[in-house]
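Note: the block below is protein.txt and it holds compact mmCIF, C-alpha atoms and all ligand atoms.
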```
# COMPACT_ATOMS: atom_id res chain seq x y z
CA MET Y 27 256.82 -47.53 361.32
CA LYS Y 28 257.01 -46.76 357.60
CA ALA Y 29 256.62 -49.21 354.72
CA GLY Y 30 258.70 -49.09 351.57
CA ILE Y 31 259.49 -51.05 348.44
CA LEU Y 32 262.41 -53.41 349.13
CA GLY Y 33 262.58 -55.35 345.86
CA ILE Y 34 261.07 -55.64 342.39
CA GLY Y 35 260.90 -58.45 339.84
CA ASP Y 36 259.09 -59.34 336.64
CA ALA Y 37 258.36 -62.22 334.31
CA LEU Y 38 257.05 -62.25 330.75
CA PRO Y 39 255.95 -65.29 328.72
CA PRO Y 40 258.55 -66.35 326.11
CA ARG Y 41 256.13 -66.05 323.15
CA VAL Y 42 256.51 -62.67 321.43
CA VAL Y 43 253.65 -61.50 319.20
CA THR Y 44 254.63 -58.61 316.94
CA ASN Y 45 252.30 -56.22 315.15
CA ASP Y 46 253.22 -57.95 311.90
CA ASP Y 47 252.10 -61.29 313.37
CA LEU Y 48 248.66 -59.71 313.92
CA VAL Y 49 248.56 -58.18 310.44
CA ALA Y 50 248.52 -61.73 309.07
CA GLN Y 51 245.13 -62.34 310.76
CA LEU Y 52 243.48 -58.92 311.04
CA ASP Y 53 242.63 -55.87 308.90
CA THR Y 54 245.28 -53.74 310.63
CA SER Y 55 248.83 -52.49 310.12
CA ASP Y 56 252.01 -51.99 312.12
CA GLU Y 57 251.83 -48.31 311.14
CA TRP Y 58 248.30 -47.87 312.63
CA ILE Y 59 249.09 -49.73 315.85
CA VAL Y 60 252.33 -47.83 316.48
CA ARG Y 61 250.83 -44.44 315.58
CA ARG Y 62 247.62 -44.83 317.62
CA THR Y 63 248.99 -46.80 320.61
CA GLY Y 64 252.82 -46.91 320.65
CA ILE Y 65 252.66 -50.73 320.88
CA ARG Y 66 255.19 -52.77 318.85
CA GLU Y 67 254.86 -56.18 320.43
CA ARG Y 68 253.24 -58.06 323.29
CA ARG Y 69 253.75 -61.42 325.05
CA TRP Y 70 251.13 -64.17 325.19
CA LEU Y 71 251.05 -67.22 327.45
CA ALA Y 72 250.97 -70.57 325.66
CA ALA Y 73 248.02 -72.87 326.28
CA ASP Y 74 250.08 -75.12 328.56
CA GLU Y 75 251.55 -72.23 330.62
CA THR Y 76 249.87 -70.96 333.78
CA LEU Y 77 249.61 -67.43 335.06
CA ALA Y 78 250.36 -68.76 338.55
CA ASP Y 79 253.82 -69.89 337.34
CA LEU Y 80 254.46 -66.50 335.74
CA ALA Y 81 253.38 -64.65 338.90
CA ALA Y 82 255.55 -66.92 341.06
CA SER Y 83 258.58 -66.20 338.82
CA ALA Y 84 258.01 -62.46 339.23
CA CYS Y 85 257.74 -62.90 343.02
CA SER Y 86 260.95 -64.97 343.14
CA ALA Y 87 262.77 -62.23 341.27
CA ALA Y 88 261.43 -59.58 343.68
CA LEU Y 89 262.55 -61.63 346.70
CA GLU Y 90 265.99 -62.13 345.16
CA ASP Y 91 266.23 -58.41 344.43
CA ALA Y 92 265.40 -57.65 348.08
CA GLY Y 93 267.61 -60.43 349.49
CA THR Y 94 264.64 -61.87 351.39
CA ALA Y 95 263.72 -65.55 351.80
CA ALA Y 96 260.29 -66.83 350.76
CA SER Y 97 259.86 -68.24 354.26
CA ASP Y 98 259.89 -64.65 355.60
CA VAL Y 99 256.89 -63.56 353.51
CA ASP Y 100 253.83 -62.90 355.68
CA GLN Y 101 251.30 -62.23 352.94
CA VAL Y 102 250.97 -62.61 349.17
CA ILE Y 103 248.55 -60.19 347.46
CA VAL Y 104 247.83 -60.95 343.81
CA ALA Y 105 246.13 -58.24 341.74
CA THR Y 106 244.50 -59.84 338.69
CA ILE Y 107 241.34 -60.03 336.60
CA THR Y 108 242.48 -63.22 334.83
CA PRO Y 109 243.21 -66.00 337.37
CA ASP Y 110 243.82 -69.44 335.85
CA GLN Y 111 240.49 -70.63 337.25
CA LEU Y 112 237.32 -68.89 338.39
CA THR Y 113 238.22 -70.14 341.84
CA PRO Y 114 240.62 -70.59 343.57
CA GLY Y 115 242.45 -67.33 342.97
CA LEU Y 116 246.14 -67.24 342.10
CA ALA Y 117 247.59 -66.34 345.50
CA PRO Y 118 247.50 -69.83 347.12
CA ALA Y 119 249.35 -71.41 344.17
CA VAL Y 120 251.82 -68.53 343.97
CA ALA Y 121 252.69 -68.85 347.67
CA ALA Y 122 253.03 -72.63 347.35
CA LYS Y 123 255.32 -72.38 344.31
CA LEU Y 124 257.48 -69.84 346.17
CA GLY Y 125 257.69 -71.89 349.35
CA ALA Y 126 256.03 -69.10 351.35
CA GLU Y 127 254.35 -71.73 353.48
CA SER Y 128 253.16 -69.58 356.35
CA ALA Y 129 252.00 -66.63 354.23
CA ALA Y 130 248.44 -65.34 354.18
CA VAL Y 131 247.13 -65.33 350.59
CA VAL Y 132 244.57 -63.16 348.80
CA ASP Y 133 243.57 -62.09 345.28
CA ILE Y 134 242.19 -58.61 344.63
CA ASN Y 135 240.39 -57.26 341.54
CA ALA Y 136 240.58 -53.56 340.81
CA ALA Y 137 241.36 -54.08 337.10
CA CYS Y 138 244.23 -51.86 335.90
CA THR Y 139 244.42 -50.14 339.31
CA GLY Y 140 244.87 -53.43 341.17
CA PHE Y 141 248.61 -53.12 341.80
CA LEU Y 142 248.18 -49.69 343.44
CA TYR Y 143 245.46 -51.08 345.74
CA GLY Y 144 247.78 -53.98 346.57
CA LEU Y 145 250.60 -51.58 347.48
CA ASP Y 146 248.22 -49.54 349.66
CA HIS Y 147 247.01 -52.67 351.48
CA ALA Y 148 250.55 -53.98 351.91
CA ALA Y 149 251.79 -50.66 353.31
CA ALA Y 150 248.88 -50.59 355.78
CA LEU Y 151 249.68 -54.14 356.96
CA VAL Y 152 253.36 -53.29 357.47
CA GLU Y 153 252.76 -49.90 359.10
CA SER Y 154 250.23 -51.35 361.54
CA GLY Y 155 252.64 -54.12 362.51
CA ARG Y 156 250.28 -56.85 361.28
CA ALA Y 157 252.84 -58.09 358.75
CA ARG Y 158 256.53 -57.56 358.07
CA ASN Y 159 257.09 -58.66 354.47
CA VAL Y 160 254.25 -58.51 351.94
CA LEU Y 161 254.53 -59.48 348.27
CA VAL Y 162 252.30 -57.56 345.87
CA VAL Y 163 252.15 -59.02 342.37
CA GLY Y 164 250.20 -57.74 339.37
CA ALA Y 165 249.62 -60.67 337.01
CA GLU Y 166 247.49 -60.87 333.89
CA ALA Y 167 246.74 -63.22 331.01
CA LEU Y 168 244.67 -60.75 328.99
CA SER Y 169 245.23 -62.79 325.80
CA ARG Y 170 242.75 -65.27 327.31
CA ILE Y 171 239.93 -62.70 327.46
CA THR Y 172 240.71 -60.90 324.18
CA ASP Y 173 238.51 -61.14 321.08
CA HIS Y 174 241.26 -61.98 318.62
CA ASP Y 175 238.92 -61.27 315.67
CA ASP Y 176 238.11 -57.68 316.73
CA ARG Y 177 240.80 -55.35 315.46
CA ALA Y 178 239.63 -52.57 317.80
CA THR Y 179 240.83 -54.53 320.85
CA ALA Y 180 242.88 -57.50 319.56
CA VAL Y 181 246.05 -55.44 319.13
CA LEU Y 182 245.95 -53.80 322.56
CA PHE Y 183 246.49 -56.46 325.22
CA GLY Y 184 249.35 -58.62 326.50
CA ASP Y 185 250.28 -61.01 329.31
CA GLY Y 186 252.84 -60.53 332.07
CA ALA Y 187 253.53 -60.37 335.79
CA ALA Y 188 255.59 -58.16 338.07
CA ALA Y 189 255.95 -58.04 341.84
CA ALA Y 190 257.16 -55.72 344.58
CA LEU Y 191 258.23 -56.74 348.07
CA VAL Y 192 256.94 -54.29 350.67
CA GLY Y 193 258.52 -54.16 354.12
CA PRO Y 194 259.50 -51.85 356.97
CA ILE Y 195 261.98 -49.01 356.41
CA THR Y 196 263.76 -46.86 358.94
CA GLU Y 197 264.52 -43.81 356.77
CA GLY Y 198 262.97 -42.06 353.79
CA LEU Y 199 259.50 -41.27 352.52
CA GLY Y 200 258.45 -44.84 351.79
CA ILE Y 201 255.05 -45.66 350.31
CA ALA Y 202 253.71 -42.18 350.94
CA GLY Y 203 250.07 -42.22 349.92
CA PHE Y 204 247.35 -42.80 347.36
CA GLU Y 205 244.40 -41.01 345.79
CA PHE Y 206 241.68 -43.41 344.64
CA GLY Y 207 238.40 -42.86 342.79
CA HIS Y 208 235.62 -44.74 341.02
CA ASP Y 209 232.59 -44.14 338.79
CA ALA Y 210 230.34 -47.16 338.35
CA SER Y 211 227.93 -45.23 336.12
CA LEU Y 212 230.47 -45.66 333.28
CA ALA Y 213 231.12 -49.38 333.83
CA GLY Y 214 229.52 -50.18 330.45
CA LEU Y 215 232.42 -48.54 328.59
CA LEU Y 216 234.96 -51.24 329.58
CA PHE Y 217 233.98 -54.71 330.78
CA ALA Y 218 234.02 -58.46 330.16
CA GLU Y 219 230.77 -60.43 330.62
CA ARG Y 220 230.86 -63.64 332.64
CA GLU Y 221 229.48 -65.73 329.75
CA GLU Y 222 231.31 -64.16 326.81
CA ARG Y 223 234.62 -63.68 328.67
CA LYS Y 224 235.92 -61.08 326.19
CA LEU Y 225 237.07 -57.52 326.91
CA ARG Y 226 234.76 -54.93 325.32
CA MET Y 227 235.78 -51.28 325.26
CA ALA Y 228 234.47 -47.98 323.89
CA GLY Y 229 238.03 -46.90 323.12
CA GLN Y 230 237.62 -43.18 322.47
CA GLU Y 231 235.45 -42.57 325.52
CA VAL Y 232 237.73 -44.60 327.78
CA TYR Y 233 240.68 -42.63 326.39
CA ARG Y 234 239.05 -39.31 327.32
CA HIS Y 235 238.15 -40.40 330.86
CA ALA Y 236 241.55 -42.03 331.39
CA VAL Y 237 243.44 -38.82 330.61
CA ALA Y 238 241.15 -36.66 332.77
CA ARG Y 239 240.95 -38.94 335.81
CA MET Y 240 244.65 -39.88 335.88
CA THR Y 241 245.65 -36.22 335.60
CA GLU Y 242 243.24 -35.11 338.35
CA ALA Y 243 244.19 -37.93 340.73
CA THR Y 244 247.90 -37.20 340.34
CA GLU Y 245 247.36 -33.46 340.81
CA ARG Y 246 245.38 -34.05 344.01
CA LEU Y 247 247.95 -36.47 345.40
CA LEU Y 248 250.89 -34.19 344.64
CA ALA Y 249 249.10 -31.19 346.19
CA ARG Y 250 248.15 -33.19 349.30
CA SER Y 251 251.73 -34.44 349.63
CA GLY Y 252 253.36 -31.04 349.13
CA VAL Y 253 255.27 -32.36 346.09
CA GLN Y 254 255.82 -30.47 342.82
CA ALA Y 255 255.54 -32.35 339.53
CA GLN Y 256 259.16 -31.47 338.75
CA ASP Y 257 260.28 -33.27 341.94
CA VAL Y 258 259.10 -36.62 340.55
CA ASP Y 259 262.11 -38.61 339.29
CA LEU Y 260 260.10 -41.29 337.46
CA PHE Y 261 256.42 -41.24 336.47
CA VAL Y 262 254.90 -44.65 335.75
CA ALA Y 263 251.38 -44.36 334.34
CA HIS Y 264 249.27 -47.40 333.41
CA GLN Y 265 250.68 -48.63 330.10
CA ALA Y 266 247.57 -48.74 327.89
CA ASN Y 267 248.49 -46.27 325.16
CA ALA Y 268 251.59 -44.09 324.71
CA ARG Y 269 249.37 -41.18 323.64
CA ILE Y 270 247.44 -41.34 326.92
CA ILE Y 271 250.66 -41.44 328.95
CA THR Y 272 252.05 -38.47 327.01
CA ALA Y 273 248.83 -36.46 327.43
CA VAL Y 274 248.79 -37.03 331.20
CA ALA Y 275 252.49 -36.21 331.59
CA ASP Y 276 252.06 -33.03 329.52
CA ALA Y 277 249.04 -31.93 331.56
CA LEU Y 278 251.07 -32.43 334.74
CA GLY Y 279 254.22 -30.80 333.36
CA ILE Y 280 256.41 -33.88 333.77
CA PRO Y 281 259.17 -34.02 331.13
CA HIS Y 282 259.00 -37.08 328.87
CA GLU Y 283 262.49 -38.27 329.81
CA ARG Y 284 261.09 -38.93 333.32
CA VAL Y 285 258.16 -40.97 332.04
CA SER Y 286 257.98 -44.77 331.62
CA PHE Y 287 256.98 -45.90 328.10
CA ASN Y 288 257.18 -49.66 328.52
CA VAL Y 289 253.90 -50.18 326.58
CA GLU Y 290 255.96 -50.49 323.41
CA TRP Y 291 257.12 -54.00 324.41
CA THR Y 292 254.35 -55.22 326.72
CA ALA Y 293 251.10 -53.69 325.36
CA ASN Y 294 248.36 -53.24 327.98
CA THR Y 295 248.81 -55.77 330.80
CA SER Y 296 246.25 -54.28 333.21
CA ALA Y 297 247.33 -54.88 336.84
CA ALA Y 298 250.84 -55.94 335.76
CA SER Y 299 251.61 -52.80 333.80
CA ILE Y 300 252.85 -50.46 336.55
CA PRO Y 301 255.18 -52.98 338.24
CA LEU Y 302 256.44 -54.09 334.81
CA GLY Y 303 257.34 -50.45 334.17
CA LEU Y 304 259.10 -50.21 337.54
CA ALA Y 305 261.08 -53.41 336.97
CA ALA Y 306 262.13 -52.29 333.50
CA ALA Y 307 263.23 -48.89 334.78
CA GLN Y 308 265.34 -50.45 337.54
CA ARG Y 309 266.90 -52.90 335.05
CA ASP Y 310 267.83 -49.98 332.83
CA GLY Y 311 269.55 -48.27 335.76
CA LEU Y 312 266.96 -45.49 335.80
CA LEU Y 313 265.57 -46.04 339.29
CA LYS Y 314 268.22 -45.34 341.88
CA PRO Y 315 267.66 -45.82 345.61
CA GLY Y 316 265.94 -42.75 347.04
CA ALA Y 317 264.27 -41.72 343.77
CA LEU Y 318 260.75 -40.28 344.02
CA VAL Y 319 258.26 -42.30 341.95
CA GLY Y 320 254.77 -41.24 340.87
CA MET Y 321 252.34 -43.93 339.70
CA VAL Y 322 248.85 -43.65 338.24
CA ALA Y 323 246.31 -46.09 336.79
CA PHE Y 324 242.84 -46.14 335.26
CA GLY Y 325 240.66 -49.04 334.18
CA ALA Y 326 237.42 -51.00 334.28
CA GLY Y 327 234.93 -49.91 336.88
CA PHE Y 328 235.83 -47.18 336.25
CA VAL Y 329 238.42 -47.44 339.03
CA TRP Y 330 241.47 -45.22 339.12
CA GLY Y 331 244.25 -44.26 341.50
CA ALA Y 332 247.52 -42.39 341.92
CA GLY Y 333 250.36 -43.28 344.27
CA LEU Y 334 253.62 -41.79 345.46
CA THR Y 335 256.60 -43.71 346.81
CA SER Y 336 260.30 -43.34 347.28
CA TRP Y 337 262.44 -46.09 345.79
CA LYS Y 338 264.28 -48.57 348.03
CA ASP Y 339 265.32 -46.17 350.78
CA GLN Y 340 266.96 -49.00 352.73
CA ALA Y 341 269.32 -49.65 349.81
CA ALA Y 342 270.09 -45.91 349.72
CA LEU Y 343 271.01 -46.03 353.39
CA SER Y 344 273.32 -49.00 353.01
CA SER Y 345 275.00 -47.87 349.77
CA ALA Y 346 278.58 -46.84 350.40
CA SER Y 347 278.34 -43.67 348.34
CA GLY Y 348 275.02 -42.63 349.81
CA GLU Y 349 274.18 -41.39 346.32
CA ALA Y 350 270.47 -40.78 345.83
CA ARG Y 351 268.11 -39.37 343.24
CA THR Y 352 270.28 -39.93 340.21
CA SER Y 353 268.69 -38.05 337.35
CA ILE Y 354 266.77 -40.04 334.79
CA THR Y 355 267.65 -39.75 331.14
CA THR Y 356 265.45 -42.24 329.34
CA THR Y 357 262.91 -44.83 330.35
CA ARG Y 358 262.41 -47.03 327.32
CA SER Y 359 263.12 -50.62 328.10
CA ARG Y 360 262.80 -54.05 326.61
CA GLN Y 361 263.27 -57.13 328.76
O1 LIG C 1 243.38 -50.43 330.31
C1 LIG C 1 242.19 -49.73 330.52
C2 LIG C 1 242.24 -48.39 329.91
N1 LIG C 1 242.26 -48.49 328.46
C3 LIG C 1 242.59 -47.43 327.76
O2 LIG C 1 242.94 -46.44 328.35
C4 LIG C 1 242.47 -47.46 326.27
C5 LIG C 1 241.82 -46.19 325.78
N2 LIG C 1 241.61 -46.09 324.36
C6 LIG C 1 242.58 -46.07 323.43
O3 LIG C 1 243.73 -46.24 323.75
C7 LIG C 1 242.22 -45.77 322.00
O4 LIG C 1 240.90 -45.27 321.95
C8 LIG C 1 242.34 -47.01 321.07
C9 LIG C 1 243.79 -47.37 320.87
C10 LIG C 1 241.58 -48.17 321.63
C11 LIG C 1 241.76 -46.68 319.69
O5 LIG C 1 242.43 -45.54 319.13
P1 LIG C 1 241.59 -44.32 318.55
O6 LIG C 1 242.54 -43.36 318.02
O7 LIG C 1 240.64 -43.87 319.62
O8 LIG C 1 240.83 -45.00 317.35
P2 LIG C 1 239.27 -45.11 317.08
O9 LIG C 1 238.67 -46.15 317.93
O10 LIG C 1 238.67 -43.73 317.09
O11 LIG C 1 239.28 -45.60 315.57
C12 LIG C 1 239.80 -44.77 314.52
C13 LIG C 1 239.76 -45.55 313.23
C14 LIG C 1 238.42 -46.22 312.96
O12 LIG C 1 238.20 -46.19 311.56
P3 LIG C 1 237.23 -45.09 310.89
O13 LIG C 1 235.90 -45.27 311.54
O14 LIG C 1 237.86 -43.77 311.21
O15 LIG C 1 237.27 -45.45 309.44
C15 LIG C 1 238.65 -47.64 313.38
O16 LIG C 1 237.79 -48.55 312.71
O17 LIG C 1 240.72 -46.60 313.30
C16 LIG C 1 240.08 -47.85 313.00
N3 LIG C 1 240.75 -48.91 313.75
C17 LIG C 1 241.82 -49.58 313.27
N4 LIG C 1 242.47 -49.49 312.12
C18 LIG C 1 243.52 -50.31 311.94
C19 LIG C 1 240.46 -49.36 315.00
N5 LIG C 1 241.32 -50.33 315.33
C20 LIG C 1 242.16 -50.48 314.28
C21 LIG C 1 243.25 -51.33 314.04
N6 LIG C 1 243.90 -51.21 312.86
N7 LIG C 1 243.69 -52.24 314.95
```
Give the structure from this file in structure tokens form.
Ligand code: UT7
Amino acid sequence: MKAGILGIGDALPPRVVTNDDLVAQLDTSDEWIVRRTGIRERRWLAADETLADLAASACSAALEDAGTAASDVDQVIVATITPDQLTPGLAPAVAAKLGAESAAVVDINAACTGFLYGLDHAAALVESGRARNVLVVGAEALSRITDHDDRATAVLFGDGAAAALVGPITEGLGIAGFEFGHDASLAGLLFAEREERKLRMAGQEVYRHAVARMTEATERLLARSGVQAQDVDLFVAHQANARIITAVADALGIPHERVSFNVEWTANTSAASIPLGLAAAQRDGLLKPGALVGMVAFGAGFVWGAGLTSWKDQAALSSASGEARTSITTTRSRQ
């Protein structure tokens, strides 16, 4: 049995924080932030909002997109580094809010690569027959672990959640495979200490490693899968910096019009960034059933990974026209 993505959904907090809002408090400028990162705005949770509610909204949207009831969900996997409390994790509350009463629940932490690990685990559960419908949600409240007085990091991070429903498919490639790697010797370049609870990053060094590792991982995965870079219909790299995404796409030879650049509106949302990019692309009509999607992430650990999946093959099967792989023209999106 193969596993595939059946539905996608996202949720962003209502509060928009623009670059100009930050200029009022920091020695920075809209010009610098846009030129060095591509970021124009980000969303932040309010003090009385919970990440569990945001994650549950994203999951509801994914279930609605798939036409699946919450009662049919067998497992909820939440990828996050910022749960509302140290313990419990988010997954029990998310399942309860959804009404997924009989679901197994688990949080995983692989920083920015968390959503790809969640997809891999979900596909394994479905393919082995241990579960039928698995929700994977990347959810982050990075504003809660940001040093808002440090201009080097304060402008970079945002909050958000996005979810994919993974289930069995009868036709198509499905969730094809992953290439994961890690290097703990460089953990000191990107971390948050338990006591301080603030993200600290050696930006330039992380940048260099991010480009190299994401490029290598994607190259290995494509070679192993017998796929050429030009066959990829949409490439969704971790949305940390538009310059990093561009550098990786250029190294791989993927044209920019097939690359997601959602970072402009979300900033860096760690585990939520790839599914937010997928949801935005579908909303913009850029991800048609049957499309081939490449994904790649890099973050704290260092932990990185690349993944390859086809998009909603079941929907392609049931569509009257049978049209698949519609070409992608642009991937900029604002929710
Ligand atoms: O999600 C996990 C993975 N994370 C990443 O992949 C992020 C990787 N790193 C980056 O994206 C970039 O390194 C940053 C966006 C963090 C920084 O961009 P950069 O081009 O590497 O800038 P820099 O750190 O080399 O700083 C260049 C200059 C410095 O000034 P001087 O020393 O040249 O006078 C900084 O002090 O820019 C200054 N600077 C700023 N200026 C205005 C740093 N932050 C700001 C700011 N506004 N917000």
Coordinates of box centre and edge lengths for ligand LIG 1 (chain C), 6 Å on every side, axis-aligned, as AutoDock Vina command-line options:
```
--center_x 239.9 --center_y -47.8 --center_z 320.0 --size_x 20.0 --size_y 20.9 --size_z 33.1
```
- Task: Go through Y:Gly184, Y:Gly164, Y:Pro40, Y:Gly316 one by one, measure the shortest atom-to-atom distance of each to Thr292 in chain Y using all atoms listed in the file, and give the residue with the smallest value.
- Result: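 With all atoms listed in the file as the atom set, the closest residue is Y:Gly184.
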- Counting only C-alpha atoms, the option among Y:Pro118, Y:Gly64, Y:Pro281, Y:Gly35 closest to Arg309 in chain Y: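 Comparing Y:Pro118, Y:Gly64, Y:Pro281, Y:Gly35 against Arg309 in chain Y, the winner is Y:Gly35.
With all atoms listed in the file as the atoms that count, the minimum distance from ligand LIG 1 (chain C) to the choices Y:Ile134, Y:Ala189, Y:Ala297, Y:Leu260 is reached by Y:Ala297.
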- Task: Could you check how far CA of Trp58 in chain Y sits from CA of Arg284 in chain Y, in Å to one decimal?
- Result: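 A separation of 25.9 Å between them.
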- Task: Measure the distance from atom C21 of ligand LIG 1 (chain C) to CA of Phe183 in chain Y in Å and round it to one decimal.
- Result: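 According to the coordinates, atom C21 of ligand LIG 1 (chain C) and CA of Phe183 in chain Y are separated by 12.7 Å.
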- Task: Identify which of the residues Y:Thr44, Y:Thr335, Y:Ser211, Y:Thr139 lies closest to ligand LIG 1 (chain C), counting only C-alpha atoms and all ligand atoms when measuring atom-to-atom distances.
- Result: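 For ligand LIG 1 (chain C), the nearest of the candidates is Y:Thr139.
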- Task: Find the residue from Y:Ala218, Y:Leu304, Y:Val322, Y:Asp110 that sits nearest to Phe204 in chain Y; use all atoms listed in the file when measuring.
- Result: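 Of all the options, Y:Val322 lies closest to Phe204 in chain Y.
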- Task: May I have the protein, DNA and RNA residues with any atom at most 12 Å from the point (239.4, -40.4, 325.6), counting all atoms listed in the file, written as a PyMOL selection string?
- Result: chain Y and resi 215+227-240+266-267+269-271+273-274+324
- Item | Of the listed residues Y:Ile103, Y:Ala82, Y:Leu52, Y:Ala88, that which approaches Gln308 in chain Y most closely, counting all atoms listed in the file |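 Selected residue with least distance to Gln308 in chain Y: Y:Ala88.
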- Query: Please, what distance in Å, to one decimal, runs between CA of Ala81 in chain Y and CA of Asp185 in chain Y?
  - Reply: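 Those two atoms sit 10.7 Å apart.
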Give me the residues near range 222-225 of chain Y as a PDB file with C-alpha atoms, keeping the file's coordinate frame, where near means some atom within 12 Å (using only C-alpha atoms) and where sequence neighbours in that chain fewer than 3 positions away do not count.
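Below is the file result_5.pdb, written as the result:
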```
ATOM      1  CA  ILE Y 107     241.340 -60.030 336.600  1.00  0.00           C
ATOM      2  CA  THR Y 108     242.480 -63.220 334.830  1.00  0.00           C
ATOM      3  CA  LEU Y 112     237.320 -68.890 338.390  1.00  0.00           C
ATOM      4  CA  ALA Y 137     241.360 -54.080 337.100  1.00  0.00           C
ATOM      5  CA  ALA Y 167     246.740 -63.220 331.010  1.00  0.00           C
ATOM      6  CA  LEU Y 168     244.670 -60.750 328.990  1.00  0.00           C
ATOM      7  CA  SER Y 169     245.230 -62.790 325.800  1.00  0.00           C
ATOM      8  CA  ARG Y 170     242.750 -65.270 327.310  1.00  0.00           C
ATOM      9  CA  ILE Y 171     239.930 -62.700 327.460  1.00  0.00           C
ATOM     10  CA  THR Y 172     240.710 -60.900 324.180  1.00  0.00           C
ATOM     11  CA  ASP Y 173     238.510 -61.140 321.080  1.00  0.00           C
ATOM     12  CA  HIS Y 174     241.260 -61.980 318.620  1.00  0.00           C
ATOM     13  CA  ASP Y 175     238.920 -61.270 315.670  1.00  0.00           C
ATOM     14  CA  ASP Y 176     238.110 -57.680 316.730  1.00  0.00           C
ATOM     15  CA  ALA Y 178     239.630 -52.570 317.800  1.00  0.00           C
ATOM     16  CA  THR Y 179     240.830 -54.530 320.850  1.00  0.00           C
ATOM     17  CA  ALA Y 180     242.880 -57.500 319.560  1.00  0.00           C
ATOM     18  CA  LEU Y 182     245.950 -53.800 322.560  1.00  0.00           C
ATOM     19  CA  PHE Y 183     246.490 -56.460 325.220  1.00  0.00           C
ATOM     20  CA  GLY Y 214     229.520 -50.180 330.450  1.00  0.00           C
ATOM     21  CA  LEU Y 215     232.420 -48.540 328.590  1.00  0.00           C
ATOM     22  CA  LEU Y 216     234.960 -51.240 329.580  1.00  0.00           C
ATOM     23  CA  PHE Y 217     233.980 -54.710 330.780  1.00  0.00           C
ATOM     24  CA  ALA Y 218     234.020 -58.460 330.160  1.00  0.00           C
ATOM     25  CA  GLU Y 219     230.770 -60.430 330.620  1.00  0.00           C
ATOM     26  CA  ALA Y 228     234.470 -47.980 323.890  1.00  0.00           C
ATOM     27  CA  GLY Y 229     238.030 -46.900 323.120  1.00  0.00           C
ATOM     28  CA  SER Y 296     246.250 -54.280 333.210  1.00  0.00           C
ATOM     29  CA  GLY Y 325     240.660 -49.040 334.180  1.00  0.00           C
ATOM     30  CA  ALA Y 326     237.420 -51.000 334.280  1.00  0.00           C
TER      31      ALA Y 326
END
```
- Message: Distance cut-off 12 Å, centre (249.7, -74.2, 332.1) in file coordinates, counting only C-alpha atoms: which residues qualify? Return them as JSON, numbers by chain.
- Response: {"Y": [39, 71, 72, 73, 74, 75, 76, 77, 78, 79, 80, 109, 110, 111, 167]}
- Message: Set the distance at 12 Å and use only C-alpha atoms: which residues neighbour Ser286 in chain Y once local chain neighbours fewer than 3 positions away are removed? I'd like the list as a ChimeraX atom specification.
- Response: /Y:259-268,271-272,275,280-283,289-291,299-308,310,312-313,319-322,354-360
- Just the residues within 8 Å of Val43 in chain Y, please, counting all atoms listed in the file, with nothing from its chain fewer than 3 positions along; format it as a list of chain:residue names.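 Within the cut-off, the hits are Y:Asp47, Y:Leu48, Y:Glu67, Y:Arg68, Y:Arg69, Y:Trp70.
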